[in-house]
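What follows is work39.txt (compact mmCIF, N, CA and C atoms).
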# COMPACT_ATOMS: atom_id res chain seq x y z
N MET P 1 -14.47 -9.95 12.96
CA MET P 1 -15.53 -8.99 12.74
C MET P 1 -14.91 -7.64 12.38
N ARG P 2 -15.44 -7.04 11.37
CA ARG P 2 -14.92 -5.78 10.87
C ARG P 2 -15.50 -4.62 11.68
N ASN P 3 -14.63 -3.72 12.06
CA ASN P 3 -15.04 -2.51 12.75
C ASN P 3 -15.28 -1.44 11.69
N ASP P 4 -16.51 -1.01 11.50
CA ASP P 4 -16.83 -0.05 10.45
C ASP P 4 -16.21 1.32 10.70
N HIS P 5 -15.70 1.56 11.89
CA HIS P 5 -15.09 2.85 12.19
C HIS P 5 -13.56 2.79 12.13
N ALA P 6 -13.01 1.60 11.90
CA ALA P 6 -11.56 1.46 11.83
C ALA P 6 -11.05 2.05 10.52
N VAL P 7 -9.83 2.51 10.56
CA VAL P 7 -9.17 2.99 9.35
C VAL P 7 -8.80 1.76 8.52
N ARG P 8 -9.20 1.78 7.26
CA ARG P 8 -8.97 0.63 6.38
C ARG P 8 -7.77 0.87 5.47
N ILE P 9 -6.92 -0.15 5.40
CA ILE P 9 -5.74 -0.11 4.54
C ILE P 9 -5.78 -1.32 3.61
N LEU P 10 -5.50 -1.09 2.34
CA LEU P 10 -5.41 -2.17 1.36
C LEU P 10 -3.93 -2.39 1.05
N CYS P 11 -3.45 -3.60 1.35
CA CYS P 11 -2.07 -4.00 1.10
C CYS P 11 -2.05 -4.91 -0.13
N ILE P 12 -1.29 -4.52 -1.15
CA ILE P 12 -1.23 -5.26 -2.40
C ILE P 12 0.20 -5.73 -2.60
N ASP P 13 0.40 -7.05 -2.50
CA ASP P 13 1.74 -7.63 -2.58
C ASP P 13 1.58 -9.10 -2.98
N ASP P 14 2.47 -9.60 -3.81
CA ASP P 14 2.38 -11.00 -4.23
C ASP P 14 3.03 -11.96 -3.23
N SER P 15 3.69 -11.43 -2.22
CA SER P 15 4.36 -12.26 -1.21
C SER P 15 3.45 -12.44 0.00
N SER P 16 3.09 -13.69 0.28
CA SER P 16 2.23 -13.95 1.45
C SER P 16 2.97 -13.59 2.74
N GLU P 17 4.29 -13.77 2.76
CA GLU P 17 5.08 -13.40 3.94
C GLU P 17 5.01 -11.90 4.19
N SER P 18 5.14 -11.12 3.12
CA SER P 18 5.05 -9.66 3.27
C SER P 18 3.67 -9.23 3.73
N LEU P 19 2.64 -9.85 3.17
CA LEU P 19 1.26 -9.52 3.58
C LEU P 19 1.03 -9.88 5.04
N ASP P 20 1.54 -11.03 5.45
CA ASP P 20 1.40 -11.43 6.86
C ASP P 20 2.11 -10.43 7.77
N LEU P 21 3.32 -10.03 7.39
CA LEU P 21 4.07 -9.06 8.19
C LEU P 21 3.33 -7.74 8.28
N MET P 22 2.83 -7.24 7.13
CA MET P 22 2.12 -5.97 7.15
C MET P 22 0.85 -6.06 8.00
N SER P 23 0.13 -7.16 7.89
CA SER P 23 -1.08 -7.32 8.70
C SER P 23 -0.76 -7.31 10.19
N MET P 24 0.37 -7.93 10.54
CA MET P 24 0.77 -7.96 11.95
C MET P 24 1.21 -6.56 12.41
N VAL P 25 2.05 -5.91 11.63
CA VAL P 25 2.56 -4.58 11.99
C VAL P 25 1.43 -3.57 12.06
N LEU P 26 0.46 -3.71 11.17
CA LEU P 26 -0.65 -2.75 11.08
C LEU P 26 -1.91 -3.28 11.76
N ARG P 27 -1.75 -4.07 12.80
CA ARG P 27 -2.91 -4.71 13.45
C ARG P 27 -3.88 -3.72 14.08
N SER P 28 -3.44 -2.48 14.31
CA SER P 28 -4.37 -1.48 14.85
C SER P 28 -5.28 -0.91 13.76
N PHE P 29 -5.03 -1.30 12.52
CA PHE P 29 -5.86 -0.89 11.39
C PHE P 29 -6.66 -2.09 10.89
N ASP P 30 -7.66 -1.81 10.10
CA ASP P 30 -8.43 -2.85 9.43
C ASP P 30 -7.76 -3.06 8.07
N THR P 31 -7.00 -4.16 7.91
CA THR P 31 -6.25 -4.36 6.68
C THR P 31 -6.91 -5.42 5.80
N ASP P 32 -6.97 -5.12 4.51
CA ASP P 32 -7.37 -6.08 3.49
C ASP P 32 -6.15 -6.33 2.64
N THR P 33 -6.10 -7.50 2.00
CA THR P 33 -4.94 -7.84 1.18
C THR P 33 -5.37 -8.31 -0.21
N ALA P 34 -4.47 -8.07 -1.15
CA ALA P 34 -4.64 -8.55 -2.52
C ALA P 34 -3.28 -9.03 -3.01
N THR P 35 -3.26 -10.07 -3.85
CA THR P 35 -2.00 -10.64 -4.29
C THR P 35 -1.67 -10.35 -5.76
N THR P 36 -2.55 -9.62 -6.44
CA THR P 36 -2.27 -9.19 -7.82
C THR P 36 -2.73 -7.74 -7.99
N ASN P 37 -2.19 -7.08 -8.99
CA ASN P 37 -2.65 -5.72 -9.29
C ASN P 37 -4.12 -5.73 -9.66
N ARG P 38 -4.52 -6.71 -10.43
CA ARG P 38 -5.93 -6.79 -10.88
C ARG P 38 -6.87 -6.91 -9.69
N GLU P 39 -6.55 -7.79 -8.77
CA GLU P 39 -7.38 -7.97 -7.56
C GLU P 39 -7.37 -6.70 -6.72
N GLY P 40 -6.20 -6.09 -6.55
CA GLY P 40 -6.10 -4.87 -5.76
C GLY P 40 -6.90 -3.73 -6.37
N LEU P 41 -6.85 -3.60 -7.68
CA LEU P 41 -7.60 -2.54 -8.36
C LEU P 41 -9.10 -2.74 -8.18
N ALA P 42 -9.56 -3.98 -8.29
CA ALA P 42 -10.99 -4.28 -8.12
C ALA P 42 -11.43 -3.94 -6.69
N MET P 43 -10.61 -4.28 -5.71
CA MET P 43 -10.95 -3.97 -4.31
C MET P 43 -10.93 -2.46 -4.08
N ALA P 44 -9.94 -1.78 -4.64
CA ALA P 44 -9.82 -0.33 -4.47
C ALA P 44 -11.04 0.39 -5.05
N ARG P 45 -11.56 -0.12 -6.16
CA ARG P 45 -12.73 0.50 -6.79
C ARG P 45 -13.96 0.47 -5.89
N LEU P 46 -14.00 -0.45 -4.94
CA LEU P 46 -15.13 -0.53 -4.01
C LEU P 46 -15.09 0.61 -3.00
N GLY P 47 -13.91 1.21 -2.82
CA GLY P 47 -13.78 2.38 -1.96
C GLY P 47 -13.68 2.04 -0.49
N GLY P 48 -13.57 3.09 0.30
CA GLY P 48 -13.55 2.95 1.75
C GLY P 48 -12.17 2.81 2.36
N TYR P 49 -11.13 2.92 1.56
CA TYR P 49 -9.78 2.78 2.10
C TYR P 49 -9.17 4.14 2.41
N SER P 50 -8.33 4.14 3.44
CA SER P 50 -7.62 5.35 3.85
C SER P 50 -6.17 5.35 3.39
N LEU P 51 -5.70 4.19 2.92
CA LEU P 51 -4.32 4.07 2.45
C LEU P 51 -4.20 2.83 1.58
N PHE P 52 -3.43 2.97 0.49
CA PHE P 52 -3.06 1.83 -0.34
C PHE P 52 -1.56 1.62 -0.17
N ILE P 53 -1.17 0.39 0.15
CA ILE P 53 0.24 0.02 0.22
C ILE P 53 0.48 -0.96 -0.91
N ILE P 54 1.41 -0.59 -1.81
CA ILE P 54 1.59 -1.35 -3.04
C ILE P 54 3.04 -1.80 -3.18
N ASP P 55 3.21 -3.09 -3.46
CA ASP P 55 4.53 -3.62 -3.82
C ASP P 55 4.84 -3.19 -5.25
N TYR P 56 6.09 -2.89 -5.52
CA TYR P 56 6.44 -2.42 -6.87
C TYR P 56 6.43 -3.56 -7.89
N HIS P 57 7.09 -4.67 -7.60
CA HIS P 57 7.15 -5.79 -8.54
C HIS P 57 6.01 -6.77 -8.25
N MET P 58 5.12 -6.91 -9.22
CA MET P 58 3.97 -7.81 -9.08
C MET P 58 3.93 -8.74 -10.29
N PRO P 59 3.27 -9.89 -10.16
CA PRO P 59 3.24 -10.84 -11.27
C PRO P 59 2.49 -10.33 -12.50
N ASP P 60 1.58 -9.41 -12.30
CA ASP P 60 0.77 -8.92 -13.43
C ASP P 60 1.05 -7.46 -13.75
N GLY P 61 2.28 -7.03 -13.52
CA GLY P 61 2.67 -5.65 -13.86
C GLY P 61 3.31 -4.97 -12.68
N ASN P 62 3.90 -3.83 -12.95
CA ASN P 62 4.55 -3.08 -11.88
C ASN P 62 3.55 -2.18 -11.15
N GLY P 63 3.89 -1.88 -9.92
CA GLY P 63 3.03 -1.07 -9.08
C GLY P 63 2.84 0.35 -9.57
N ASP P 64 3.80 0.86 -10.36
CA ASP P 64 3.64 2.23 -10.84
C ASP P 64 2.43 2.33 -11.77
N GLN P 65 2.18 1.28 -12.58
CA GLN P 65 0.99 1.30 -13.43
C GLN P 65 -0.27 1.17 -12.59
N LEU P 66 -0.23 0.35 -11.55
CA LEU P 66 -1.38 0.23 -10.66
C LEU P 66 -1.68 1.58 -10.02
N CYS P 67 -0.66 2.29 -9.58
CA CYS P 67 -0.86 3.60 -8.98
C CYS P 67 -1.51 4.55 -9.98
N ARG P 68 -1.05 4.55 -11.21
CA ARG P 68 -1.67 5.40 -12.24
C ARG P 68 -3.14 5.02 -12.43
N ASP P 69 -3.42 3.71 -12.45
CA ASP P 69 -4.81 3.25 -12.60
C ASP P 69 -5.67 3.70 -11.43
N LEU P 70 -5.13 3.62 -10.22
CA LEU P 70 -5.86 4.08 -9.03
C LEU P 70 -6.16 5.57 -9.14
N ARG P 71 -5.19 6.33 -9.59
CA ARG P 71 -5.34 7.78 -9.66
C ARG P 71 -6.38 8.21 -10.70
N GLU P 72 -6.75 7.32 -11.61
CA GLU P 72 -7.80 7.65 -12.58
C GLU P 72 -9.16 7.82 -11.91
N PHE P 73 -9.39 7.12 -10.79
CA PHE P 73 -10.68 7.24 -10.10
C PHE P 73 -10.56 7.67 -8.64
N ASP P 74 -9.35 7.74 -8.12
CA ASP P 74 -9.15 8.13 -6.72
C ASP P 74 -7.87 8.95 -6.62
N SER P 75 -8.02 10.24 -6.57
CA SER P 75 -6.84 11.12 -6.50
C SER P 75 -6.48 11.50 -5.07
N ARG P 76 -7.27 11.05 -4.10
CA ARG P 76 -7.09 11.53 -2.72
C ARG P 76 -6.46 10.53 -1.77
N THR P 77 -6.76 9.25 -1.92
CA THR P 77 -6.26 8.25 -0.98
C THR P 77 -4.74 8.12 -1.11
N PRO P 78 -4.01 8.25 -0.01
CA PRO P 78 -2.56 8.14 -0.08
C PRO P 78 -2.11 6.76 -0.55
N VAL P 79 -0.98 6.74 -1.26
CA VAL P 79 -0.36 5.51 -1.73
C VAL P 79 1.06 5.47 -1.19
N LEU P 80 1.42 4.32 -0.63
CA LEU P 80 2.77 4.09 -0.14
C LEU P 80 3.31 2.84 -0.84
N PHE P 81 4.41 2.99 -1.55
CA PHE P 81 5.04 1.84 -2.18
C PHE P 81 5.97 1.15 -1.21
N ILE P 82 6.07 -0.17 -1.35
CA ILE P 82 7.10 -0.93 -0.67
C ILE P 82 7.80 -1.76 -1.73
N THR P 83 9.09 -1.91 -1.61
CA THR P 83 9.83 -2.68 -2.60
C THR P 83 11.14 -3.17 -2.03
N GLY P 84 11.60 -4.26 -2.57
CA GLY P 84 12.93 -4.75 -2.26
C GLY P 84 13.90 -4.40 -3.37
N SER P 85 13.38 -3.76 -4.40
CA SER P 85 14.15 -3.44 -5.59
C SER P 85 14.91 -2.13 -5.45
N ASP P 86 16.05 -2.07 -6.10
CA ASP P 86 16.80 -0.81 -6.19
C ASP P 86 16.43 -0.05 -7.46
N ASP P 87 15.52 -0.62 -8.26
CA ASP P 87 15.12 -0.02 -9.54
C ASP P 87 14.02 1.03 -9.39
N PHE P 88 13.53 1.24 -8.18
CA PHE P 88 12.40 2.14 -7.97
C PHE P 88 12.71 2.99 -6.75
N SER P 89 12.62 4.29 -6.89
CA SER P 89 12.99 5.22 -5.81
C SER P 89 11.77 5.97 -5.28
N ALA P 90 11.96 6.68 -4.19
CA ALA P 90 10.90 7.53 -3.64
C ALA P 90 10.50 8.59 -4.66
N ARG P 91 11.47 9.08 -5.41
CA ARG P 91 11.18 10.06 -6.46
C ARG P 91 10.28 9.45 -7.54
N ASP P 92 10.59 8.20 -7.94
CA ASP P 92 9.74 7.50 -8.91
C ASP P 92 8.32 7.35 -8.36
N ALA P 93 8.22 7.00 -7.08
CA ALA P 93 6.92 6.82 -6.46
C ALA P 93 6.10 8.11 -6.51
N ARG P 94 6.73 9.20 -6.14
CA ARG P 94 6.02 10.50 -6.16
C ARG P 94 5.63 10.91 -7.58
N SER P 95 6.43 10.52 -8.57
CA SER P 95 6.14 10.92 -9.96
C SER P 95 4.87 10.26 -10.50
N VAL P 96 4.43 9.16 -9.89
CA VAL P 96 3.20 8.50 -10.34
C VAL P 96 2.03 8.76 -9.39
N GLY P 97 2.22 9.66 -8.42
CA GLY P 97 1.12 10.06 -7.55
C GLY P 97 1.12 9.45 -6.16
N ALA P 98 2.20 8.77 -5.78
CA ALA P 98 2.28 8.19 -4.44
C ALA P 98 2.90 9.19 -3.47
N GLN P 99 2.71 8.93 -2.19
CA GLN P 99 3.26 9.81 -1.16
C GLN P 99 4.66 9.39 -0.74
N GLY P 100 5.06 8.16 -1.04
CA GLY P 100 6.39 7.74 -0.64
C GLY P 100 6.65 6.29 -0.96
N MET P 101 7.83 5.82 -0.48
CA MET P 101 8.28 4.47 -0.75
C MET P 101 9.16 3.99 0.40
N LEU P 102 8.99 2.74 0.76
CA LEU P 102 9.83 2.11 1.78
C LEU P 102 10.52 0.89 1.19
N LYS P 103 11.74 0.64 1.62
CA LYS P 103 12.48 -0.56 1.22
C LYS P 103 12.12 -1.69 2.18
N LYS P 104 11.65 -2.81 1.61
CA LYS P 104 11.21 -3.94 2.42
C LYS P 104 12.27 -4.48 3.35
N TYR P 105 13.49 -4.54 2.90
CA TYR P 105 14.51 -5.24 3.67
C TYR P 105 15.40 -4.29 4.47
N HIS P 106 14.99 -3.04 4.57
CA HIS P 106 15.75 -2.07 5.37
C HIS P 106 15.56 -2.39 6.84
N SER P 107 16.57 -2.12 7.63
CA SER P 107 16.53 -2.48 9.06
C SER P 107 15.39 -1.82 9.82
N ASN P 108 14.92 -0.67 9.39
CA ASN P 108 13.84 0.00 10.11
C ASN P 108 12.50 -0.09 9.36
N PHE P 109 12.33 -1.08 8.49
CA PHE P 109 11.12 -1.20 7.68
C PHE P 109 9.86 -1.26 8.55
N VAL P 110 9.86 -2.07 9.58
CA VAL P 110 8.67 -2.24 10.43
C VAL P 110 8.30 -0.93 11.10
N ASP P 111 9.27 -0.26 11.70
CA ASP P 111 8.99 1.02 12.36
C ASP P 111 8.52 2.07 11.37
N GLU P 112 9.17 2.13 10.19
CA GLU P 112 8.78 3.10 9.17
C GLU P 112 7.39 2.81 8.63
N LEU P 113 7.06 1.54 8.43
CA LEU P 113 5.73 1.18 7.94
C LEU P 113 4.67 1.62 8.94
N ARG P 114 4.89 1.33 10.19
CA ARG P 114 3.95 1.73 11.24
C ARG P 114 3.80 3.26 11.28
N TYR P 115 4.93 3.97 11.23
CA TYR P 115 4.90 5.43 11.26
C TYR P 115 4.18 6.00 10.04
N GLN P 116 4.54 5.54 8.86
CA GLN P 116 3.93 6.07 7.64
C GLN P 116 2.43 5.78 7.60
N ALA P 117 2.02 4.61 8.04
CA ALA P 117 0.59 4.29 8.05
C ALA P 117 -0.16 5.25 8.97
N LYS P 118 0.38 5.51 10.15
CA LYS P 118 -0.27 6.44 11.07
C LYS P 118 -0.28 7.85 10.51
N HIS P 119 0.86 8.27 9.95
CA HIS P 119 0.99 9.62 9.40
C HIS P 119 0.06 9.83 8.20
N LEU P 120 0.04 8.88 7.27
CA LEU P 120 -0.74 9.04 6.04
C LEU P 120 -2.25 8.87 6.24
N THR P 121 -2.64 8.22 7.33
CA THR P 121 -4.08 8.04 7.59
C THR P 121 -4.61 8.99 8.66
N ALA P 122 -3.76 9.85 9.18
CA ALA P 122 -4.20 10.79 10.21
C ALA P 122 -5.41 11.59 9.71
N GLY P 123 -6.43 11.64 10.52
CA GLY P 123 -7.63 12.40 10.15
C GLY P 123 -8.66 11.57 9.39
N HIS P 124 -8.37 10.30 9.17
CA HIS P 124 -9.33 9.45 8.45
C HIS P 124 -10.17 8.65 9.41

Translate the structure of the given file into structure tokens.
Amino acid sequence: MRNDHAVRILCIDDSSESLDLMSMVLRSFDTDTATTNREGLAMARLGGYSLFIIDYHMPDGNGDQLCRDLREFDSRTPVLFITGSDDFSARDARSVGAQGMLKKYHSNFVDELRYQAKHLTAGH
């Protein structure tokens, strides 16, 4: 059952393992998931999210384009990138309108994800 007062986060990643991990780590939030940029964009257009978490490498394009597409209709909701790639940096993330980026396989990924989600959704 969905809590209408819970902070909602949309996690967009093509890896079911990553989505499962994020849902578990962010269990104090109401999380929705999408496995393609197209699906994530359609869900984001419905509104009501306090944070978008986007994987950089997706089967239907890179997350930087998805972030640009999101920013066309939503300039306020924070975006946090996650990636296992060395081809995308926090600076790259900020250049397309995101608030930051986390490395999936870094030793403190879980703690950082939890911290960033709380920090970026504060006041929502």

**Report entry** Spatial sel., origin (-2.2, 3.1, -8.9), limit 8 Å, all atoms listed in the file, listed as an NGL selection string
**Finding:** :P and (41 or 63-72 or 79 or 96-98)

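Between Thr33 of chain P and the residues P:Leu21, P:Ile82, P:Ile9, P:Ile54, the shortest atom-to-atom distance, using only N, CA and C atoms, involves P:Ile9.
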
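Separating atom C of Arg38 of chain P from atom CA of Met22 of chain P is a distance of 19.1 Å.
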
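For the pair atom C of Asp32 of chain P and atom N of Pro59 of chain P, the interatomic distance is 16.3 Å.
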
When DSSP works through the backbone of this structure, what residues of segment 4-107 of chain P end up as helix (DSSP H, G or I), shown as a PDB file with N, CA and C atoms, in the frame of the given file?
ATOM      1  N   SER P  16       3.090 -13.690   0.280  1.00  0.00           N
ATOM      2  CA  SER P  16       2.230 -13.950   1.450  1.00  0.00           C
ATOM      3  C   SER P  16       2.970 -13.590   2.740  1.00  0.00           C
ATOM      4  N   GLU P  17       4.290 -13.770   2.760  1.00  0.00           N
ATOM      5  CA  GLU P  17       5.080 -13.400   3.940  1.00  0.00           C
ATOM      6  C   GLU P  17       5.010 -11.900   4.190  1.00  0.00           C
ATOM      7  N   SER P  18       5.140 -11.120   3.120  1.00  0.00           N
ATOM      8  CA  SER P  18       5.050  -9.660   3.270  1.00  0.00           C
ATOM      9  C   SER P  18       3.670  -9.230   3.730  1.00  0.00           C
ATOM     10  N   LEU P  19       2.640  -9.850   3.170  1.00  0.00           N
ATOM     11  CA  LEU P  19       1.260  -9.520   3.580  1.00  0.00           C
ATOM     12  C   LEU P  19       1.030  -9.880   5.040  1.00  0.00           C
ATOM     13  N   ASP P  20       1.540 -11.030   5.450  1.00  0.00           N
ATOM     14  CA  ASP P  20       1.400 -11.430   6.860  1.00  0.00           C
ATOM     15  C   ASP P  20       2.110 -10.430   7.770  1.00  0.00           C
ATOM     16  N   LEU P  21       3.320 -10.030   7.390  1.00  0.00           N
ATOM     17  CA  LEU P  21       4.070  -9.060   8.190  1.00  0.00           C
ATOM     18  C   LEU P  21       3.330  -7.740   8.280  1.00  0.00           C
ATOM     19  N   MET P  22       2.830  -7.240   7.130  1.00  0.00           N
ATOM     20  CA  MET P  22       2.120  -5.970   7.150  1.00  0.00           C
ATOM     21  C   MET P  22       0.850  -6.060   8.000  1.00  0.00           C
ATOM     22  N   SER P  23       0.130  -7.160   7.890  1.00  0.00           N
ATOM     23  CA  SER P  23      -1.080  -7.320   8.700  1.00  0.00           C
ATOM     24  C   SER P  23      -0.760  -7.310  10.190  1.00  0.00           C
ATOM     25  N   MET P  24       0.370  -7.930  10.540  1.00  0.00           N
ATOM     26  CA  MET P  24       0.770  -7.960  11.950  1.00  0.00           C
ATOM     27  C   MET P  24       1.210  -6.560  12.410  1.00  0.00           C
ATOM     28  N   VAL P  25       2.050  -5.910  11.630  1.00  0.00           N
ATOM     29  CA  VAL P  25       2.560  -4.580  11.990  1.00  0.00           C
ATOM     30  C   VAL P  25       1.430  -3.570  12.060  1.00  0.00           C
ATOM     31  N   ASN P  37      -2.190  -7.080  -8.990  1.00  0.00           N
ATOM     32  CA  ASN P  37      -2.650  -5.720  -9.290  1.00  0.00           C
ATOM     33  C   ASN P  37      -4.120  -5.730  -9.660  1.00  0.00           C
ATOM     34  N   ARG P  38      -4.520  -6.710 -10.430  1.00  0.00           N
ATOM     35  CA  ARG P  38      -5.930  -6.790 -10.880  1.00  0.00           C
ATOM     36  C   ARG P  38      -6.870  -6.910  -9.690  1.00  0.00           C
ATOM     37  N   GLU P  39      -6.550  -7.790  -8.770  1.00  0.00           N
ATOM     38  CA  GLU P  39      -7.380  -7.970  -7.560  1.00  0.00           C
ATOM     39  C   GLU P  39      -7.370  -6.700  -6.720  1.00  0.00           C
ATOM     40  N   GLY P  40      -6.200  -6.090  -6.550  1.00  0.00           N
ATOM     41  CA  GLY P  40      -6.100  -4.870  -5.760  1.00  0.00           C
ATOM     42  C   GLY P  40      -6.900  -3.730  -6.370  1.00  0.00           C
ATOM     43  N   LEU P  41      -6.850  -3.600  -7.680  1.00  0.00           N
ATOM     44  CA  LEU P  41      -7.600  -2.540  -8.360  1.00  0.00           C
ATOM     45  C   LEU P  41      -9.100  -2.740  -8.180  1.00  0.00           C
ATOM     46  N   ALA P  42      -9.560  -3.980  -8.290  1.00  0.00           N
ATOM     47  CA  ALA P  42     -10.990  -4.280  -8.120  1.00  0.00           C
ATOM     48  C   ALA P  42     -11.430  -3.940  -6.690  1.00  0.00           C
ATOM     49  N   MET P  43     -10.610  -4.280  -5.710  1.00  0.00           N
ATOM     50  CA  MET P  43     -10.950  -3.970  -4.310  1.00  0.00           C
ATOM     51  C   MET P  43     -10.930  -2.460  -4.080  1.00  0.00           C
ATOM     52  N   ALA P  44      -9.940  -1.780  -4.640  1.00  0.00           N
ATOM     53  CA  ALA P  44      -9.820  -0.330  -4.470  1.00  0.00           C
ATOM     54  C   ALA P  44     -11.040   0.390  -5.050  1.00  0.00           C
ATOM     55  N   ARG P  45     -11.560  -0.120  -6.160  1.00  0.00           N
ATOM     56  CA  ARG P  45     -12.730   0.500  -6.790  1.00  0.00           C
ATOM     57  C   ARG P  45     -13.960   0.470  -5.890  1.00  0.00           C
ATOM     58  N   GLY P  63       3.890  -1.880  -9.920  1.00  0.00           N
ATOM     59  CA  GLY P  63       3.030  -1.070  -9.080  1.00  0.00           C
ATOM     60  C   GLY P  63       2.840   0.350  -9.570  1.00  0.00           C
ATOM     61  N   ASP P  64       3.800   0.860 -10.360  1.00  0.00           N
ATOM     62  CA  ASP P  64       3.640   2.230 -10.840  1.00  0.00           C
ATOM     63  C   ASP P  64       2.430   2.330 -11.770  1.00  0.00           C
ATOM     64  N   GLN P  65       2.180   1.280 -12.580  1.00  0.00           N
ATOM     65  CA  GLN P  65       0.990   1.300 -13.430  1.00  0.00           C
ATOM     66  C   GLN P  65      -0.270   1.170 -12.590  1.00  0.00           C
ATOM     67  N   LEU P  66      -0.230   0.350 -11.550  1.00  0.00           N
ATOM     68  CA  LEU P  66      -1.380   0.230 -10.660  1.00  0.00           C
ATOM     69  C   LEU P  66      -1.680   1.580 -10.020  1.00  0.00           C
ATOM     70  N   CYS P  67      -0.660   2.290  -9.580  1.00  0.00           N
ATOM     71  CA  CYS P  67      -0.860   3.600  -8.980  1.00  0.00           C
ATOM     72  C   CYS P  67      -1.510   4.550  -9.980  1.00  0.00           C
ATOM     73  N   ARG P  68      -1.050   4.550 -11.210  1.00  0.00           N
ATOM     74  CA  ARG P  68      -1.670   5.400 -12.240  1.00  0.00           C
ATOM     75  C   ARG P  68      -3.140   5.020 -12.430  1.00  0.00           C
ATOM     76  N   ASP P  69      -3.420   3.710 -12.450  1.00  0.00           N
ATOM     77  CA  ASP P  69      -4.810   3.250 -12.600  1.00  0.00           C
ATOM     78  C   ASP P  69      -5.670   3.700 -11.430  1.00  0.00           C
ATOM     79  N   LEU P  70      -5.130   3.620 -10.220  1.00  0.00           N
ATOM     80  CA  LEU P  70      -5.860   4.080  -9.030  1.00  0.00           C
ATOM     81  C   LEU P  70      -6.160   5.570  -9.140  1.00  0.00           C
ATOM     82  N   ARG P  71      -5.190   6.330  -9.590  1.00  0.00           N
ATOM     83  CA  ARG P  71      -5.340   7.780  -9.660  1.00  0.00           C
ATOM     84  C   ARG P  71      -6.380   8.210 -10.700  1.00  0.00           C
ATOM     85  N   GLU P  72      -6.750   7.320 -11.610  1.00  0.00           N
ATOM     86  CA  GLU P  72      -7.800   7.650 -12.580  1.00  0.00           C
ATOM     87  C   GLU P  72      -9.160   7.820 -11.910  1.00  0.00           C
ATOM     88  N   PHE P  73      -9.390   7.120 -10.790  1.00  0.00           N
ATOM     89  CA  PHE P  73     -10.680   7.240 -10.100  1.00  0.00           C
ATOM     90  C   PHE P  73     -10.560   7.670  -8.640  1.00  0.00           C
ATOM     91  N   ALA P  90      11.960   6.680  -4.190  1.00  0.00           N
ATOM     92  CA  ALA P  90      10.900   7.530  -3.640  1.00  0.00           C
ATOM     93  C   ALA P  90      10.500   8.590  -4.660  1.00  0.00           C
ATOM     94  N   ARG P  91      11.470   9.080  -5.410  1.00  0.00           N
ATOM     95  CA  ARG P  91      11.180  10.060  -6.460  1.00  0.00           C
ATOM     96  C   ARG P  91      10.280   9.450  -7.540  1.00  0.00           C
ATOM     97  N   ASP P  92      10.590   8.200  -7.940  1.00  0.00           N
ATOM     98  CA  ASP P  92       9.740   7.500  -8.910  1.00  0.00           C
ATOM     99  C   ASP P  92       8.320   7.350  -8.360  1.00  0.00           C
ATOM    100  N   ALA P  93       8.220   7.000  -7.080  1.00  0.00           N
ATOM    101  CA  ALA P  93       6.920   6.820  -6.460  1.00  0.00           C
ATOM    102  C   ALA P  93       6.100   8.110  -6.510  1.00  0.00           C
ATOM    103  N   ARG P  94       6.730   9.200  -6.140  1.00  0.00           N
ATOM    104  CA  ARG P  94       6.020  10.500  -6.160  1.00  0.00           C
ATOM    105  C   ARG P  94       5.630  10.910  -7.580  1.00  0.00           C
ATOM    106  N   SER P  95       6.430  10.520  -8.570  1.00  0.00           N
ATOM    107  CA  SER P  95       6.140  10.920  -9.960  1.00  0.00           C
ATOM    108  C   SER P  95       4.870  10.260 -10.500  1.00  0.00           C
TER     109      SER P  95
END
